[in-house]
Amino acid sequence: MADTKPGLRKPEFTKVDQLRPGTSRHNVTVKIVSTKMVLQKGRSDGPQARQMRICECIVGDETGVVVFTARNDQVDLMKEGTTVTLRNAKIDMYKGSMRLAVDKWGRVEVTEPASLKVKEDTNMSLVEYEVVNVVE
């Protein structure tokens, strides 16, 4: 019996200026421009030593920048000037603006430093979107 498994597909990479609200399955290679710790709470004692950490990072490429929300273990990888590849990222909406996020189905990988010049004057997270219900 012949092996009929489909071959693995090469990932298609997206540029920051192509990101849209409500979309997912993005593969993006970006450089970290800045980081800011937003939330750090938790207990270090007891049987369930859990700590919740959330860091908002400005990440971008040569087409623009967007806010990336790093959670827990992802926070340790977020250092200014580092180049990372975000696999299976999605766009979350927060107060009408886009936030790039990677959940448990995705991956954040530190890659070799890229020589890309980040275009900081095009911030995709500053664009405000409004939810419109269409009645047919």
# chains A, B, ... in the order shown; residues from 1 in each chain; ligands from 1
call {"tool": "closest_atom_pairs", "arguments": {"of": "region 4-82 of chain A", "to": "region 88-95 of chain A", "cutoff": "12 Å", "atoms": "only C-alpha atoms", "output": "JSON lines"}}
result
{"residue": "A:Pro11", "atom": "CA", "partner": "A:Asn88", "partner_atom": "CA", "distance": 9.6}
{"residue": "A:Glu12", "atom": "CA", "partner": "A:Asn88", "partner_atom": "CA", "distance": 10.4}
{"residue": "A:Phe13", "atom": "CA", "partner": "A:Asn88", "partner_atom": "CA", "distance": 10.1}
{"residue": "A:Thr14", "atom": "CA", "partner": "A:Ala89", "partner_atom": "CA", "distance": 10.3}
{"residue": "A:Val16", "atom": "CA", "partner": "A:Ile91", "partner_atom": "CA", "distance": 11.1}
{"residue": "A:Gln18", "atom": "CA", "partner": "A:Ile91", "partner_atom": "CA", "distance": 11.4}
{"residue": "A:Leu19", "atom": "CA", "partner": "A:Ile91", "partner_atom": "CA", "distance": 7.6}
{"residue": "A:Arg20", "atom": "CA", "partner": "A:Ile91", "partner_atom": "CA", "distance": 7.2}
{"residue": "A:Pro21", "atom": "CA", "partner": "A:Ile91", "partner_atom": "CA", "distance": 5.8}
{"residue": "A:Gly22", "atom": "CA", "partner": "A:Ile91", "partner_atom": "CA", "distance": 5.7}
{"residue": "A:Thr23", "atom": "CA", "partner": "A:Ile91", "partner_atom": "CA", "distance": 5.7}
{"residue": "A:Ser24", "atom": "CA", "partner": "A:Lys90", "partner_atom": "CA", "distance": 4.0}
{"residue": "A:Arg25", "atom": "CA", "partner": "A:Asn88", "partner_atom": "CA", "distance": 4.2}
{"residue": "A:His26", "atom": "CA", "partner": "A:Ala89", "partner_atom": "CA", "distance": 4.9}
{"residue": "A:Asn27", "atom": "CA", "partner": "A:Asn88", "partner_atom": "CA", "distance": 5.7}
{"residue": "A:Val28", "atom": "CA", "partner": "A:Ala89", "partner_atom": "CA", "distance": 7.8}
{"residue": "A:Thr29", "atom": "CA", "partner": "A:Ala89", "partner_atom": "CA", "distance": 10.9}
{"residue": "A:Val66", "atom": "CA", "partner": "A:Ile91", "partner_atom": "CA", "distance": 10.1}
{"residue": "A:Val67", "atom": "CA", "partner": "A:Ile91", "partner_atom": "CA", "distance": 10.0}
{"residue": "A:Phe68", "atom": "CA", "partner": "A:Ile91", "partner_atom": "CA", "distance": 9.2}
{"residue": "A:Thr69", "atom": "CA", "partner": "A:Asp92", "partner_atom": "CA", "distance": 9.2}
{"residue": "A:Ala70", "atom": "CA", "partner": "A:Ala89", "partner_atom": "CA", "distance": 11.2}
call {"tool": "residues_around", "arguments": {"residues": "Asp121 (chain A)", "least_positions_apart": "5", "cutoff": "10 Å", "atoms": "only C-alpha atoms", "output": "list in words"}}
result
Thr63, Gly64 and Val65 of chain A
call {"tool": "write_last_selection", "arguments": {"atoms": "N, CA, C and O atoms", "output": "short mmCIF file (atom, residue, chain, number, x, y, z; two decimals), in the first residue's frame"}}
result
data_model
loop_
_atom_site.label_atom_id
_atom_site.label_comp_id
_atom_site.auth_asym_id
_atom_site.auth_seq_id
_atom_site.Cartn_x
_atom_site.Cartn_y
_atom_site.Cartn_z
N THR A 63 7.20 47.10 6.12
CA THR A 63 5.93 47.66 5.67
C THR A 63 5.16 48.38 6.77
O THR A 63 4.23 49.11 6.49
N GLY A 64 5.51 48.15 8.04
CA GLY A 64 4.80 48.80 9.13
C GLY A 64 5.02 48.09 10.45
O GLY A 64 5.76 47.11 10.53
N VAL A 65 4.34 48.59 11.50
CA VAL A 65 4.43 47.99 12.83
C VAL A 65 3.04 47.68 13.35
O VAL A 65 2.04 48.24 12.89
#
call {"tool": "residues_around", "arguments": {"residues": "Glu130 (chain A)", "least_positions_apart": "2", "cutoff": "10 Å", "atoms": "only C-alpha atoms", "output": "PyMOL selection string"}}
result
chain A and resi 95-97+128+132-133
call {"tool": "write_last_selection", "arguments": {"atoms": "N, CA, C and O atoms", "output": "short mmCIF file (atom, residue, chain, number, x, y, z; two decimals), in the first residue's frame"}}
result
data_model
loop_
_atom_site.label_atom_id
_atom_site.label_comp_id
_atom_site.auth_asym_id
_atom_site.auth_seq_id
_atom_site.Cartn_x
_atom_site.Cartn_y
_atom_site.Cartn_z
N LYS A 95 -10.33 47.20 22.14
CA LYS A 95 -10.81 48.59 22.11
C LYS A 95 -10.76 49.16 20.69
O LYS A 95 -10.31 50.27 20.46
N GLY A 96 -11.15 48.36 19.72
CA GLY A 96 -11.24 48.81 18.33
C GLY A 96 -9.95 48.79 17.55
O GLY A 96 -9.92 49.18 16.40
N SER A 97 -8.84 48.35 18.16
CA SER A 97 -7.58 48.31 17.41
C SER A 97 -7.03 46.89 17.37
O SER A 97 -7.35 46.06 18.21
N GLU A 128 -8.33 52.56 13.94
CA GLU A 128 -9.47 52.12 14.73
C GLU A 128 -10.52 51.51 13.82
O GLU A 128 -10.85 52.05 12.77
N VAL A 132 -19.71 46.62 12.61
CA VAL A 132 -20.95 47.01 11.98
C VAL A 132 -21.77 45.76 11.72
O VAL A 132 -21.31 44.82 11.08
N ASN A 133 -22.99 45.72 12.25
CA ASN A 133 -23.88 44.58 12.03
C ASN A 133 -24.67 44.82 10.75
O ASN A 133 -25.34 45.85 10.61
#
call {"tool": "select_by_dssp", "arguments": {"residues": "chain A", "states": "strand (DSSP E or B)", "output": "ChimeraX atom specification"}}
result
/A:13,26-42,51-61,64-71,83-94,97-101,107-110,123
call {"tool": "atom_distance", "arguments": {"atom1": "CA of Lys79 (chain A)", "atom2": "CA of Met52 (chain A)"}}
result
18.4 Å
call {"tool": "atom_distance", "arguments": {"atom1": "CA of Leu39 (chain A)", "atom2": "CA of Cys55 (chain A)"}}
result
6.9 Å
call {"tool": "residues_around", "arguments": {"residues": "region 104-118 of chain A", "least_positions_apart": "3", "cutoff": "8 Å", "atoms": "only C-alpha atoms", "output": "count of residues only"}}
result
17
call {"tool": "residues_around", "arguments": {"residues": "Ser34 (chain A)", "least_positions_apart": "4", "cutoff": "10 Å", "atoms": "only C-alpha atoms", "output": "PDB file with C-alpha atoms, in the first residue's frame"}}
result
ATOM      1  CA  GLU A  56       2.836  44.463  24.817  1.00  0.00           C
ATOM      2  CA  CYS A  57       5.530  44.750  22.164  1.00  0.00           C
ATOM      3  CA  ILE A  58       5.767  46.951  19.115  1.00  0.00           C
ATOM      4  CA  VAL A  59       6.933  44.640  16.326  1.00  0.00           C
ATOM      5  CA  VAL A  67       1.273  45.686  18.700  1.00  0.00           C
ATOM      6  CA  MET A  78      10.769  39.536  23.632  1.00  0.00           C
ATOM      7  CA  LYS A  79      13.981  41.586  23.719  1.00  0.00           C
ATOM      8  CA  GLU A  80      14.335  44.877  21.831  1.00  0.00           C
ATOM      9  CA  GLY A  81      16.186  44.477  18.547  1.00  0.00           C
ATOM     10  CA  THR A  82      15.557  40.711  18.352  1.00  0.00           C
TER      11      THR A  82
END
call {"tool": "atom_distance", "arguments": {"atom1": "CA of Leu100 (chain A)", "atom2": "CA of Ser125 (chain A)"}}
result
9.0 Å
